[in-house]
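Asks: Have a look at the structure that comes next, please.
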Amino acid sequence: MLKEELMTGQSAQAHMTPKVREARKYATTLALIATLGPFFYGFEGMVLNGAIKAVGVEFELGALAKGVAGAAGIIGGLIGAIFAGRISDKIGRKGVLMWVGPFLLFEAILGPLSPVLGGYFFLIFCRVMGGIGFGAATTVAPGYVAEISPADIRGRLIAFRQLAIILGLFFAGVINLLVTNWAGSSEATLAFGFKAWQWMFLCLLIPAILFIVFTARIPESPRYLVSVKRDDEAAEILEKVTGDEPEEARARVMSIRATLGEGTEKMSFKAIMTSRWRGLVMVGVAIAAFQQLTGINGIFFYSNTLFEAVGFAEETAFQQTLIITLFKIVGVVTGILLVDKLGRKRMLVYGGTLIFISLSVVAMVFTVAPVVDGHPDISSNPVLGYVALAALCCFILGFTSSWGPIFSIVMGEMFPNQIRGGAMSIASGADFFVNFLVVLLFPYLIAWSPAGTYWIYAAFGVLAVIFTAKYLEETSGRQLEDMGN
């Protein structure tokens, strides 16, 4: 069955006209540019991952204050996510992405200066501002990509969002490792009197500037253009991204307009939640929550702390974090290659199964590990350490090939044109809110019981698979105008 599906996809590729091939390249380029915001999100998260210990020392933070520092960006992300979708209905998808850049620059430039500009609370403010930017970008980007993508490759193009996050993690991880090795620790002072953790933050300028430069070059979403009665522009862009002939593009515009109805005003949050699509929106909210309740971001944001807690030195912890990030890249590339062949629902179920099995293995390792000073110590038993690392890598492969990228895909696809902006804000807001709780509570859960923490995440993995199998409708291969009918 799988072999036949792959062969069918290869046959379709072979029969493309030169115009269609050129359109696919253009749509792919636009998708890559749109995901520079998610790249910043991953980059910023890994910068914090490397700097959190030094930040705690710099500002003399306790466990709660460190948790707030870790979760501050997610608070901003929640704010950005809640408002971005609705604002994109007013000023366009590109319009929102263009406004993201200044927020990213704010954190990149002023965050490293927080010790002299206002201390801990100013750093929190900078992280919130940056979070508003990447929250808006990660919410709007999947919708934008969905609206400019041909149906048969839409899944893999939206999945670039997750690949961008992973690459951001990887490149920032490499920088963290280089800076730490150069300085000796993340707390050491380097050039111009800046400490190593401040240089890590200054490197945020790289993705921020790239985002600003390239988003200025993308066109507006054709679906948005139809909603504001700019049909000729919409048809022109559709022709460029799909390879359709002019008459086909105009017919597609008429199809989009039919789904919007006579009026072009988009529905409010209240109207969405009382409409016939409220059940669909709640499915999206549940999928968003389950994506975070596997613990992926808690495990990631505090991975260095976790490795050190079980006996690894800071430098070794950075190296192991990079190894895990490489597994993430392998996983998300696998997901991109298979998602348009196997379908969204099937991959979520398969990946979710691998997730909860892997988490159960890690939980079992911590359950049977010897206790030293009140905490499990897997470093004293190499076999347990390797089993835990192998299971964690399997978890990463399962998540990044399924729940990581496919969450973005179904969020960009599953809602009809009338509610897409607002519904994506609701679902993405739920994603950031649960993410905030996970990251905030993770240090406490780990301090309470590493084994218990992983058992909890494994249980949520089981529930995610059951819910998906029962309630999620397949969106693969369907036109956006057919969603929600």
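Chain lettering (A, B, ...) mirrors the order of the structure tokens, residue numbering begins at 1 for each chain separately, and ligand numbering begins at 1 in order of display.
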Which residues are near range 398-402 of chain A? Cut-off 7 Å, only C-alpha atoms, ignore same chain within fewer than 6 positions. Put them as an mmCIF file with C-alpha atoms, in the first residue's frame.
Replies:
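Saved result, selection.cif, follows:
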data_model
loop_
_atom_site.group_PDB
_atom_site.id
_atom_site.type_symbol
_atom_site.label_atom_id
_atom_site.label_comp_id
_atom_site.auth_asym_id
_atom_site.auth_seq_id
_atom_site.Cartn_x
_atom_site.Cartn_y
_atom_site.Cartn_z
ATOM 1 C CA LYS A 328 14.802 16.350 15.205
ATOM 2 C CA GLY A 331 12.414 13.354 11.974
ATOM 3 C CA VAL A 332 10.942 16.500 10.454
ATOM 4 C CA THR A 334 10.893 12.323 7.185
ATOM 5 C CA GLY A 335 7.551 13.909 8.008
ATOM 6 C CA MET A 347 0.928 9.949 10.603
ATOM 7 C CA LEU A 348 -0.399 11.518 13.812
ATOM 8 C CA GLY A 351 3.874 9.079 15.446
ATOM 9 C CA GLY A 352 1.809 9.392 18.624
ATOM 10 C CA LEU A 354 5.987 5.947 18.990
ATOM 11 C CA ILE A 355 5.846 8.976 21.305
#
Asks: Could you give me, as a PyMOL selection string, the residues within 7 Å of Ala27 in chain A, counting only C-alpha atoms and dropping anything in the same chain fewer than 4 positions from it?
Replies: chain A and resi 23+31+148-149+241
Asks: From the set A:Gly421, A:Gly70, A:Pro370, A:Gly173, which residue has the shortest atom-to-atom contact distance to Ser268 in chain A, counting only C-alpha atoms?
Replies: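 When distances to Ser268 in chain A are compared using only C-alpha atoms, the smallest one comes from A:Gly421.
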Asks: In terms of the shortest atom-to-atom distance over only C-alpha atoms, which of A:Ile237, A:Ala427, A:Ile166, A:Ala72 is closest to Phe122 in chain A?
Replies: A:Ala72
Asks: For CA of Asn176 in chain A and CA of Val57 in chain A, quote the distance in Å rounded to one decimal.
Replies: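 These atoms are spaced 17.2 Å apart.
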Asks: For Gly133 in chain A, which of A:Ile91, A:Val365, A:Ala208, A:Leu167 is the closest residue, counting only C-alpha atoms?
Replies: A:Ala208
Asks: Work out how far CA of Phe40 in chain A is from CA of Leu204 in chain A, in Å to one decimal.
Replies: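 If I compute the distance from CA of Leu204 in chain A to CA of Phe40 in chain A, I get 7.5 Å.
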Asks: Compare A:Pro416, A:Lys341, A:Tyr120, A:Leu97 by their minimum atom-to-atom distance to Ala69 in chain A, counting only C-alpha atoms, and give me the closest one.
Replies: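 Smallest separation from Ala69 in chain A among the options: A:Tyr120.
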Asks: Would you compute the distance between CA of Leu32 in chain A and CA of Ala84 in chain A? Give it in Å to one decimal.
Replies: 19.6 Å
Asks: Near Ala81 in chain A, counting only C-alpha atoms, which residues have an atom at most 8 Å away, once you skip same-chain residues fewer than 4 positions from it, shown as JSON, numbers by chain?
Replies: {"A": [77, 85, 132, 135, 136, 138, 139, 425, 426, 428, 429, 432]}
Asks: Let me see the file: selected residues, C-alpha atoms, as a PDB file, in the first residue's frame.
Replies:
ATOM      1  CA  GLY A  77       3.799  34.167  21.910  1.00  0.00           C
ATOM      2  CA  GLY A  85      -5.043  35.685  13.048  1.00  0.00           C
ATOM      3  CA  ILE A 132       4.717  38.583  20.437  1.00  0.00           C
ATOM      4  CA  GLY A 135       3.840  34.082  18.189  1.00  0.00           C
ATOM      5  CA  ALA A 136       2.281  36.142  15.405  1.00  0.00           C
ATOM      6  CA  THR A 138       4.134  31.052  13.811  1.00  0.00           C
ATOM      7  CA  THR A 139       0.351  31.559  13.803  1.00  0.00           C
ATOM      8  CA  SER A 425      -5.735  32.395  16.505  1.00  0.00           C
ATOM      9  CA  ILE A 426      -7.888  30.373  18.899  1.00  0.00           C
ATOM     10  CA  SER A 428      -2.600  28.697  18.207  1.00  0.00           C
ATOM     11  CA  GLY A 429      -3.439  30.606  21.382  1.00  0.00           C
ATOM     12  CA  PHE A 432       1.008  28.716  23.370  1.00  0.00           C
TER      13      PHE A 432
END
Asks: Mind checking which residues fall within 8 Å of Ala234 in chain A, counting only C-alpha atoms, ignoring those fewer than 5 positions away in the same chain, and posting them as a list of chain:residue names?
Replies: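 These residues fall inside the cut-off: A:Ser221, A:Pro222, A:Arg223, A:Leu225, A:Val226, A:Val253.
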Asks: Suppose we keep N, CA and C atoms; can you now write the selection as an mmCIF file, in the first residue's frame?
Replies:
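Saved as result_34.cif:
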data_model
loop_
_atom_site.group_PDB
_atom_site.id
_atom_site.type_symbol
_atom_site.label_atom_id
_atom_site.label_comp_id
_atom_site.auth_asym_id
_atom_site.auth_seq_id
_atom_site.Cartn_x
_atom_site.Cartn_y
_atom_site.Cartn_z
ATOM 1 N N SER A 221 -1.397 36.852 0.313
ATOM 2 C CA SER A 221 -2.169 35.623 0.110
ATOM 3 C C SER A 221 -3.326 35.877 -0.856
ATOM 4 N N PRO A 222 -3.501 35.006 -1.871
ATOM 5 C CA PRO A 222 -4.608 35.214 -2.810
ATOM 6 C C PRO A 222 -5.974 35.115 -2.132
ATOM 7 N N ARG A 223 -6.118 34.248 -1.118
ATOM 8 C CA ARG A 223 -7.404 34.155 -0.431
ATOM 9 C C ARG A 223 -7.738 35.462 0.279
ATOM 10 N N LEU A 225 -6.674 38.430 -0.677
ATOM 11 C CA LEU A 225 -6.961 39.404 -1.727
ATOM 12 C C LEU A 225 -8.395 39.267 -2.224
ATOM 13 N N VAL A 226 -8.890 38.039 -2.334
ATOM 14 C CA VAL A 226 -10.285 37.843 -2.741
ATOM 15 C C VAL A 226 -11.219 38.424 -1.683
ATOM 16 N N VAL A 253 -10.581 31.730 -8.270
ATOM 17 C CA VAL A 253 -10.975 32.934 -7.540
ATOM 18 C C VAL A 253 -12.484 32.929 -7.282
#
Asks: Skip Gly343 in chain A itself and residues of its chain fewer than 6 positions away, then list as a VMD selection string all residues within 10 Å of it, counting only C-alpha atoms.
Replies: chain A and resid 155 406 474 to 477
Asks: Go ahead and write the residues just picked, N, CA and C atoms, as a short mmCIF file (atom, residue, chain, number, x, y, z; two decimals), in the first residue's frame.
Replies:
data_model
loop_
_atom_site.label_atom_id
_atom_site.label_comp_id
_atom_site.auth_asym_id
_atom_site.auth_seq_id
_atom_site.Cartn_x
_atom_site.Cartn_y
_atom_site.Cartn_z
N GLY A 155 0.90 19.98 2.27
CA GLY A 155 1.35 19.46 3.55
C GLY A 155 2.83 19.65 3.78
N ILE A 406 2.83 18.25 11.70
CA ILE A 406 1.46 18.02 11.23
C ILE A 406 0.46 18.87 12.01
N GLU A 474 -9.46 13.69 7.89
CA GLU A 474 -8.31 13.80 6.99
C GLU A 474 -8.48 15.02 6.08
N THR A 475 -7.41 15.80 5.93
CA THR A 475 -7.44 16.99 5.07
C THR A 475 -6.53 16.85 3.86
N SER A 476 -5.78 15.77 3.78
CA SER A 476 -4.80 15.59 2.70
C SER A 476 -5.47 15.59 1.33
N GLY A 477 -4.91 16.39 0.41
CA GLY A 477 -5.37 16.39 -0.98
C GLY A 477 -6.62 17.20 -1.24
#
Asks: Ranking A:Val462, A:Val371, A:Met273, A:Leu163 by minimum distance to Phe327 in chain A and counting only C-alpha atoms, which one comes first?
Replies: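 Comparing A:Val462, A:Val371, A:Met273, A:Leu163 against Phe327 in chain A, the winner is A:Leu163.
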Asks: Could you list, as number ranges by chain, every residue within 12 Å of Ser360 in chain A, counting only C-alpha atoms and ignoring same-chain residues fewer than 3 positions away?
Replies: A: 294, 353-357, 363-367, 387-388, 391-392, 394-395, 450-462
Asks: Considering only C-alpha atoms, return as a count of residues only whatever protein or nucleic-acid residues lie within 8 Å of Tyr471 in chain A, sequence-local ones (same chain, fewer than 3 positions apart) excluded.
Replies: 3
